[in-house]
Each structure stands twice: as structure tokens, then as C-alpha cells.
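Below: one structure, written as C-alpha cells.
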Protein chains: 2
Amino acid sequence: MQALPGFRDFLPNDCAARNYIFARWREVARRYGFIEWDAPVLEPTEIYQKKSGPEIVAQLFNFTDKGEREVAMRPELTPSLARVVAAHEREFKKPLKWFSIGQFFRYEKQQRGRLREHFQLNCDIIGETALAADIELVSLCIDIVRAFGFTEKDFVVRISDREFWTDFLRSRKVAAEQWDEILQTIDKFGREPREKTSEKLGQLADPVLRILSEGGKSEKLDRLVDGLRARGLADFVDIDVRIVRGLAYYTGIVFEVFDRAGQLRAIAGGGRYDNLIEQLSDSAVSLPALGFAMGDVVLGELIGETASAREAMQKAIAAEQKIDIYIVIAKEERRADALAQIQKLRDRGYRVDYLLTSRKVARQFQTAEDLGARVALLYGDEWPQVAVKDLATGEQKLTPNQELLAYVARSLSLSS
Amino acid sequence: MQALPGFRDFLPNDCAARNYIFARWREVARRYGFIEWDAPVLEPTEIYQKKSGPEIVAQLFNFTDKGEREVAMRPELTPSLARVVAAHEREFKKPLKWFSIGQFFRYEKQQRGRLREHFQLNCDIIGETALAADIELVSLCIDIVRAFGFTEKDFVVRISDREFWTDFLRSRKVAAEQWDEILQTIDKFGREPREKTSEKLGQLADPVLRILSEGGKSEKLDRLVDGLRARGLADFVDIDVRIVRGLAYYTGIVFEVFDRAGQLRAIAGGGRYDNLIEQLSDSAVSLPALGFAMGDVVLGELIGETASAREAMQKAIAAEQKIDIYIVIAKEERRADALAQIQKLRDRGYRVDYLLTSRKVARQFQTAEDLGARVALLYGDEWPQVAVKDLATGEQKLTPNQELLAYVARSLSLSS
């Protein structure tokens with residue numbers, strides 16, 4: 001019996017790595033004044049059909065529930081965000097700065113960096129049209145990747161602007177109904193054979209391919225880079241108009257984060273979607289918005305491949321999994337006394353462990369070391385004294401059981 | 001557009017309450033030396049059909065995926081645990097003490113304390129037959145509920161033993177194939193009309209109903225209470241043989257946690273399932289095991305109804321959502337300088353916020369207070385000095401921008 005293909009079991013070390021990633025995501029988002037929210041994992045299929053674009057809809061884990069509702073396991077968060085914000089927008093001052101950490105599902109062909117589930121951080125700013133919001137969002141995205149120990153040598157944010165392309169298409173008098181399809185073709189540039197791209201673009205092939213190879217510029221993108229420069233973050237970004245993002249609902253600045261070596265899929269991606277809330281709420285609420293998502297799978301691969309980031313993670317995980325105090329029960333007659341003390345120590349917040357059944361003392365000390373305990377308490381012949389052993393130095397001292405709490409508090413605070 | 005019936009949107013305050021519950025779950029489980037793991041949200045339907053019992057299977061969110069697999073959103077964790085442990089048991093020393101926090105799904109009639117999704121803490125001990133493990137597990141369950149500020153006046157753990165009933169059935173020469181059905185009937189006692197219970201029990205009705213009304217005793221249950229007494233936890237438990245648990249796979253000690261007032265559904269439940277890993281792994285691995293699950297919905301209701309617990313939660317949430325420093329930009333010419341400082345402060349780990357666009361200074365100070373900031377930095381006419389305002393005392397002091405980092409570090413550590 002195995003997990004389904006594309007789904008992960010999180011054994012303790014995997015789970016610790018996941019928690020390490022979540023903790024950094026949460027910590028940096030909060031530094032930026034973002035507050036956490038979440039939406040259901042299961043949503044009406046309709047909210048994805050309306051706006052996510054055909055690629056996502058084709059990959060849904062969707063079904064008919066026992067109440068004959070068409071439902072889908074969420075492939076992305078943005079439609080839920082638009083739904084929730086439209087329903088509750090009067091309750092909150094704008095702009096909202098919201099983040100969320102949760103699991104998402106796509107029935108995809110499995111390949112490196114792509115499973116059928118992954119965890120994502122989503123950060124969104126709702127209710128602000130100013131470019132300052134785009135700068136704030138890109139800064140947050142950069143600082144989150146930096147929190148894992150990465151520098152501008154390790155990753156880059158490629159930034160573009162859908163308006164650059166829609167201005168171009170308007171100047172070429174291309175009908176608005178065709179824009180989505182052309183943007184999808186530009187999004188696939190480099191991943192599809194060039195002939196196919198040319199064929200799809202038709203008479204636009206020449207000018208579009210010229211822009212894609214020579215690059216594009218815009219005053220808005222220059223101002224965005226200036227804003228990042230004021231924060232000392234300009235070295236983390238490249239203007240790259242080849243980025244348009246696969247999702248149909250983006251309207252302005254879009255960006256994707258890649259490893260500098262170009263070995264991995266995108267670490268994160270996002271942009272502005274000023275019309276989505278209005279469209280999903282049937283014009284009941286209109287709010288400009290922008291956001292990005294960062295997945296745990298590609299980020300985890302980059303951490304795994306970068307020695308310094310990997311070591312920082314392993315160190316944090318080891319510290320997290322350690323216990324404080326191990327109780328060695330040398331004589332079974334002392335078990336009840338030991339358990340009473342264990343209860344008191346745990347009540348004070350210490351992480352305390354012991355063996356549930358009788359074992360040799362040497363085996364118990366070995367377990368204490370395996371678990372990373374800093375102190376072992378030995379309940380045996382010396383009763384009503386207890387031997388307190390510092391497992392780092394090997395020093396051992398007898399203390400009356402009644403004075404143990406104070407003694408342990410002192411010695412653990414000294415060695416921490 | 002709304003969430004599906006029985007599914008919750010977590011607005012920021014809801015999400016903070018959820019995080020508050022998760023943090024306490026995690027903290028106390030770690031005090032007991034439990035380590036965290038997780039399994040997929042989607043599993044082969046088969047693992048629930050095999051052992052969870054007919055009630056759970058009838059309530060599955062199950063479907064056929066795009067690869068023609070029969071899959072189900074997990075209604076409980078134990079079958080996944082048995083699967084994962086059977087596959088990896090050689091990698092870990094026994095006993096395993098594992099916990100997990102995740103979301104679970106059942107297509108149920110909605111009622112108080114029952115939605116179609118909820119979050120659960122699962123704590124399991126694998127590879128230990130001794131009653132000491134049952135005592136450790138029940139203690140953990142009690143201490144987790146205590147961590148929310150509840151005492152023995154607020155909740156009770158009702159403990160029973162399936163072996164009490166299987167011994168009884170064996171003494172009455174009831175064929176083992178009938179045991180499951182009889183245990184299910186006992187489980188429903190008090191929730192079904194008594195005539196229906198009697199009818200289902202047949203000639204066992206009289207003796208069973210007598211035990212259910214008079215109570216039952218066993219030496220094992222006495223030893224369990226003694227073990228809890230040694231830890232000072234005996235007042236939190238009642239022996240109650242009416243508890244048998246709905247799930248089919250329990251084999252020994254079983255328990256459920258209820259509010260003392262008896263107003264709510266069970267807060268938690270669990271027990272021993274010594275045969276499940278063997279059965280789910282087709283006899284490849286045989287390991288005794290026990291565990292419990294605690295849901296967030298009923299626990300959240302009990303917190304909401306108990307003034308002291310509710311206040312403790314609200315206080316923790318308020319502290320969690322506060323920012324440290326608010327930047328007031330009184331002159332737009334200073335925005336770039338302010339942003340450079342904001343970047344430095346956030347890099348040092350402070351939670352820093354500011355308005356993305358120009359607003360009146362009074363409005364900015366109001367926002368600073370709304371966000372619970374401890375300090376506001378005013379960028380205006382005094383440049384290159386910055387006014388540092390302690391928002392608790394109202395005291396204001398001019399400091400050179402270059403010396404701000406050190407100054408803020410000092411004043412925030414003083415006021416914390």
C-alpha cells in the first residue's frame with residue numbers, strides 16, 4: 001500500500017522541513033504587516049471554470065459530491081480570495097495585506113518539481129492601485145526567499161508587465177478577444193517549438209519574436225526597479241517581457257522567481273489582477289488586487305541543492321526536534337516518583353521523555369543522547385536524591401528531588 | 001458565491017484562533033516527546049473500506065480520479081498512519097510517538113459541532129503493548145486540553161476497555177463475528193431509542209443494559225487510573241464502560257473527552273488498535289498501537305463558551321497580530337529614505353508597516369494605533385532627524401536617522 005502517485009507522505013524529517021519552510025514564510029509575511037487567512041480546500045468547480053484558464057480546469061481534481069454539487073479540490077487560492085473579499089470587504093480597511101499557507105492540487109503529469117499536490121504561500125494586497133503596492137509585493141517575495149539564506153547570486157525575480165503587451169496589441173489593432181490566446185502563446189515561448197509559436201502568432205510573429213529576443217522596456221517597469229533600488233533590492237530583479245504568466249486573470253505587473261542557474265521550475269510567481277474580484281462577484285464589488293504564490297516543492301529542491309541553505313535548515317530542524325530533559329529510571333520502585341516529576345516538568349513547558357517500560361540504564365542514557373536531551377535525571381539508589389547529569393559536559397550532581405524544579409531551571413537556562 | 005455547505009472560510013480572526021489551537025496542540029505534544037508527521041489529504045478509498053467501519057465509508061468524499069483510481073479525501077488519519085508505519089517501520093526505534101495536525105472530511109448532515117471538514121490533532125504511540133503507553137497517551141490528551149486553561153471542572157475523560165466487553169461476550173459464548181455489531185449497538189446507547197437497542201441485542205439485552213446502567217469494573221482500568229493518579233491527573237477521568245467508540249478497529253482501552261456540562265459533542269477520542277497495522281499491511285508488519293484525535297470545532301466551541309479560556313485566546317491572538325513599528329511619512333520627499341529604513345528594520349526581524357500612498361499624518365498615526373504598533377517613526381521636516389514616538393506613553397524624541405536601528409532596538413527591548 002502506497003500513497004497515490006504525486007502525493008507525499010511526510011515522515012518526521014520531511015514534516016520538519018515543511019514546518020521550517022512554513023515558519024519562514026509566516027515570519028517574513030508578518031514582518032511586512034501581512035495577516036493570515038485561509039479558504040476551504042474544496043470549492044465549487046465553477047469558481048475555477050470562470051477565470052483560472054483552460055489549463056487549470058483540465059487538471060482539476062473535480063467530482064460530483066453526495067449532494068450533487070460540482071466540486072473541486074483547490075488548484076490555486078486566488079478565486080477563493082476574490083470570493084471571500086467580495087463577501088466581507090466592508091469589514092476591513094483597505095488595502096488588505098493578507099497571506100495564506102495551504103495545500104493545492106493539480107492532476108498533472110509528474111515530473112521534477114511537479115507533484116499532484118504542493119503547499120503554497122499566497123500573499124495578496126487588495127484595494128490599492130498604486131505601483132507602490134507592486135513594489136511592496138515584489139520586495140516581500142524577495143525577502144521571503146532571502147530568509148532561507150539565498151542571495152542575488154542564487155535567485156532572480158523576472159518582472160514584466162501585461163500592459164506592455166496589451167498596449168502593443170492595441171497599437172497593432174488586435175481585437176481584445178484574441179489577447180488571451182496570444183498571451184498564452186507568449187507564455188509558452190521557449191517551451192514550445194519556435195515554428196509552433198510563429199504559426200500561432202500569424203502576422204504578429206515577426207514583431208513579437210523581435211521583442212522577445214531583444215527585450216522590451218516601459219516607464220512603469222523602470223519606476224518599479226527604482227522603487228526596489230531604494231530598498232537595496234534592485235540586484236534581485238531582471239526586467240523580462242517574456243514573462244506573462246499562464247493564468248488568464250492578470251492585468252498588469254507580473255513576475256516569476258527562478259534559480260539563477262536556471263535548473264529548476266519557477267519558485268514563485270504572481271502579479272496584478274485588478275478585474276478578477278469584480279468579475280467573480282458579478283460586479284457587486286470592484287477592487288484592484290495583486291498577489292503571488294510560492295510553492296514548497298521547487299523551493300525545497302533549491303534548499304537541498306545549496307549547501308549553506310541546506311545546513312541552515314538541518315540545524316533548525318535538529319534544534320526543533322530536540323528534547324530538554326530525559327528521565328532515566330534505574331529502579332522500577334522509583335517509576336511513580338519519576339512520573340510525578342515528569343508531569344511537573346512538562347507542566348512548566350519542558351520537553352521531557354523517558355522509556356515506557358523497564359530497560360538497562362545504559363540503553364536509557366543512549367536514548368537520551370539520541371533525542372538530543374541536554375540534561376538527564378537519574379532515579380535510582382540515591383533516592384530521595386536524584387542525579388542530574390549534564391549530557392554535554394558529562395558532569396553529574398546529586399540534588400534532592402524536591403529541589404529539582406528550581407535546579408533544572410537554573411542549569412537549563414545557563415546552558416542555553 | 002459562498003463556500004460549500006459545511007466548509008469554513010478562515011477570515012483573519014478565525015485563522016488566528018485556528019493557529020492558537022494548533023500552537024498549543026503542537027507545544028504540548030512536543031513536551032511529551034512526540035514528533036510531527038503528516039500523510040496525504042487524498043488516499044486510495046480502499047484503505048478506509050478495509051477497516052474504518054461502514055459509517056465512515058458512507059460519509060466519504062470519494063470519487064474516481066482522472067487516472068481511473070478510486071480515491072477519497074481523508075476522513076481520519078489512522079489508516080494512513082498504519083500504511084506509513086508498515087512501510088517505514090525499520091527506519092525508526094520503537095516505540096514511535098508521533099503527532100500530526102491536519103484537515104479531515106466527512107459528508108455529514110450539518111449540525112452543531114459537526115461540519116463537513118475539521119482540523120484534527122492525532123497523537124499515536126506505535127510499538128508498545130504496556131499499559132504505561134495508554135497512561136502516557138491519556139495524560140497527553142488531558143494536558144493538551146489543560147493547555148487551553150481548562151480544569152477538571154470543565155472537562156472529563158471517559159475511559160473504557162473494549163476487552164471488558166469482548167471478555168463479556170466470550171463468557172456468553174457469542175461468536176466473534178457478531179462482536180463488531182454488538183459493540184456498535186453499545187456505542188449508540190443513549191443516542192438510539194432503548195427499544196431499538198434491546199431489539200438489536202436480543203437475548204444479551206438484559207445483562208448488557210444492566211452493565212450500562214450500573215457501570216463495569218476491571219483490574220486493567222483500575223491500574224490505568226492509578227497511573228494517572230501518580231501524575232496528579234486522576235480527577236480528570238471517569239471509568240465509563242458505555243464508551244466503545246464508533247470505529248471498528250479498536251482492541252483495548254478506549255476513551256472520549258467531554259465537557260463536564262455535557263452540552264457538546266466529544267472534544268477528543270481514541271484508544272488502542274493493536275491489530276490494525278497488521279491487517280492493513282497484509283501481515284507484513286505487526287505492531288501494537290494506540291492513539292487519539294482531537295478536533296478543532298468542538299474544542300473551539302468550548303473555548304468560546306468559557307470566559308477565561310476565551311480571554312486567554314483573544315489576548316494571544318491580539319499579541320500575535322500586532323506590529324512593532326509604524327512608519328509615518330509626513331513629507332513625500334522622505335518616502336525613499338523611509339523605505340530604506342523600513343527595509344533595514346524588517347531585515348532585523350521587526351514587524352513594520354506604513355501606508356503605500358500619501359495620507360494625512362493624523363490618519364497615519366491612527367493606523368499605527370489600530371495595528372497595535374509600539375513605536376512610530378515620523379519622517380518629515382526634522383530630516384535627517386526622525387521623531388520616534390512611544391505609542392504607549394506618547395513620549396516623542398528626535399534621533400538621527402543613521403542611529404535609528406540601535407535606538408529602536410533599545411527602546412523596543414525596554415518596553416517589552
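Following the order of the C-alpha cells, first chain is A, next is B, and so on, with residues numbered from 1 inside each chain and ligands from 1 in the order they appear.
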
request  = Find the spatial neighbours of A:Glu108, counting only C-alpha atoms, within a cut-off of 12 Å - ignore same-chain residues fewer than 6 positions away - and output them as a PyMOL selection string.
outcome  = (chain A and resi 5-7+55-61+75+114-118) or (chain B and resi 65-67)

Prev. selection, C-alpha atoms, output as a PDB file, in the first residue's frame:
```pdb
ATOM      1  CA  PRO A   5       1.114   8.912  -7.302  1.00  0.00           C
ATOM      2  CA  GLY A   6       2.133  12.552  -6.909  1.00  0.00           C
ATOM      3  CA  PHE A   7       1.145  12.670  -3.212  1.00  0.00           C
ATOM      4  CA  GLU A  55      -5.021  24.621 -18.427  1.00  0.00           C
ATOM      5  CA  ILE A  56      -6.007  24.660 -14.759  1.00  0.00           C
ATOM      6  CA  VAL A  57      -9.550  23.446 -15.413  1.00  0.00           C
ATOM      7  CA  ALA A  58      -8.224  20.466 -17.407  1.00  0.00           C
ATOM      8  CA  GLN A  59      -6.096  19.468 -14.406  1.00  0.00           C
ATOM      9  CA  LEU A  60      -8.699  19.724 -11.668  1.00  0.00           C
ATOM     10  CA  PHE A  61      -9.353  17.027  -9.099  1.00  0.00           C
ATOM     11  CA  PRO A  75      -5.726  24.218  -7.655  1.00  0.00           C
ATOM     12  CA  ARG A 114       5.779  18.980 -10.038  1.00  0.00           C
ATOM     13  CA  LEU A 115       3.705  16.675  -7.928  1.00  0.00           C
ATOM     14  CA  ARG A 116      -0.071  16.436  -7.785  1.00  0.00           C
ATOM     15  CA  GLU A 117      -0.164  18.322  -4.503  1.00  0.00           C
ATOM     16  CA  HIS A 118       2.026  21.030  -3.083  1.00  0.00           C
TER      17      HIS A 118
ATOM     18  CA  ASP B  65      -9.708  10.475 -10.415  1.00  0.00           C
ATOM     19  CA  LYS B  66      -8.556  11.278 -13.966  1.00  0.00           C
ATOM     20  CA  GLY B  67      -6.386   8.127 -13.864  1.00  0.00           C
TER      21      GLY B  67
END
```

key: Every residue of stretch 53-243 of chain A that DSSP places in alpha helix (DSSP H), as a PyMOL selection string   = chain A and resi 54-58+78-88+131-146+162-171+179-187+194-201+205-214+219-230

key: 8 Å contacts from chain B to chain A using only C-alpha atoms, as number ranges by chain   = B: 1-4, 7-16, 28, 30-33, 35-40, 42-44, 61-66, 83-84, 107, 130, 132-133, 227, 230-232, 281, 321, 323, 336-337, 339-340, 343, 346, 349-353, 356-357

Sel. of strand (DSSP E) residues, stretch 66-204 of chain B, as a PyMOL selection string = chain B and resi 70-73+96-105+117-126+155-161

For the residues selected in the previous step, produce a file with C-alpha atoms as an mmCIF file, in the first residue's frame.
```cif
data_model
loop_
_atom_site.group_PDB
_atom_site.id
_atom_site.type_symbol
_atom_site.label_atom_id
_atom_site.label_comp_id
_atom_site.auth_asym_id
_atom_site.auth_seq_id
_atom_site.Cartn_x
_atom_site.Cartn_y
_atom_site.Cartn_z
ATOM 1 C CA GLU B 70 -10.827 5.246 -6.600
ATOM 2 C CA VAL B 71 -9.762 7.997 -4.211
ATOM 3 C CA ALA B 72 -11.158 9.655 -1.080
ATOM 4 C CA MET B 73 -10.466 12.807 0.894
ATOM 5 C CA LEU B 96 7.222 5.749 17.953
ATOM 6 C CA LYS B 97 5.499 8.749 19.475
ATOM 7 C CA TRP B 98 4.079 10.663 16.536
ATOM 8 C CA PHE B 99 1.612 13.507 16.191
ATOM 9 C CA SER B 100 0.015 15.207 13.215
ATOM 10 C CA ILE B 101 -2.173 18.264 12.633
ATOM 11 C CA GLY B 102 -4.312 18.288 9.505
ATOM 12 C CA GLN B 103 -7.710 18.609 7.890
ATOM 13 C CA PHE B 104 -10.266 15.802 7.559
ATOM 14 C CA PHE B 105 -13.513 15.479 5.629
ATOM 15 C CA GLU B 117 -14.378 19.473 7.333
ATOM 16 C CA HIS B 118 -12.475 19.960 10.511
ATOM 17 C CA PHE B 119 -8.883 20.064 11.694
ATOM 18 C CA GLN B 120 -7.619 17.340 13.934
ATOM 19 C CA LEU B 121 -4.653 16.689 16.133
ATOM 20 C CA ASN B 122 -3.711 12.999 16.020
ATOM 21 C CA CYS B 123 -1.287 11.561 18.599
ATOM 22 C CA ASP B 124 -0.200 7.933 18.360
ATOM 23 C CA ILE B 125 2.207 5.583 20.132
ATOM 24 C CA ILE B 126 3.341 2.648 17.984
ATOM 25 C CA PHE B 155 -13.912 18.543 31.087
ATOM 26 C CA VAL B 156 -13.709 14.824 31.765
ATOM 27 C CA VAL B 157 -12.067 11.883 30.018
ATOM 28 C CA ARG B 158 -14.423 8.889 29.986
ATOM 29 C CA ILE B 159 -12.380 5.719 29.805
ATOM 30 C CA SER B 160 -13.402 2.210 28.954
ATOM 31 C CA ASP B 161 -11.889 -1.013 27.675
#
```

key: Two-atom distance - atom CA of A:Leu377, atom CA of B:Phe150 (Å)   = 29.8 Å

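Coordinates place atom CA of B:Asp390 at a distance of 8.5 Å from atom CA of B:Ser411.
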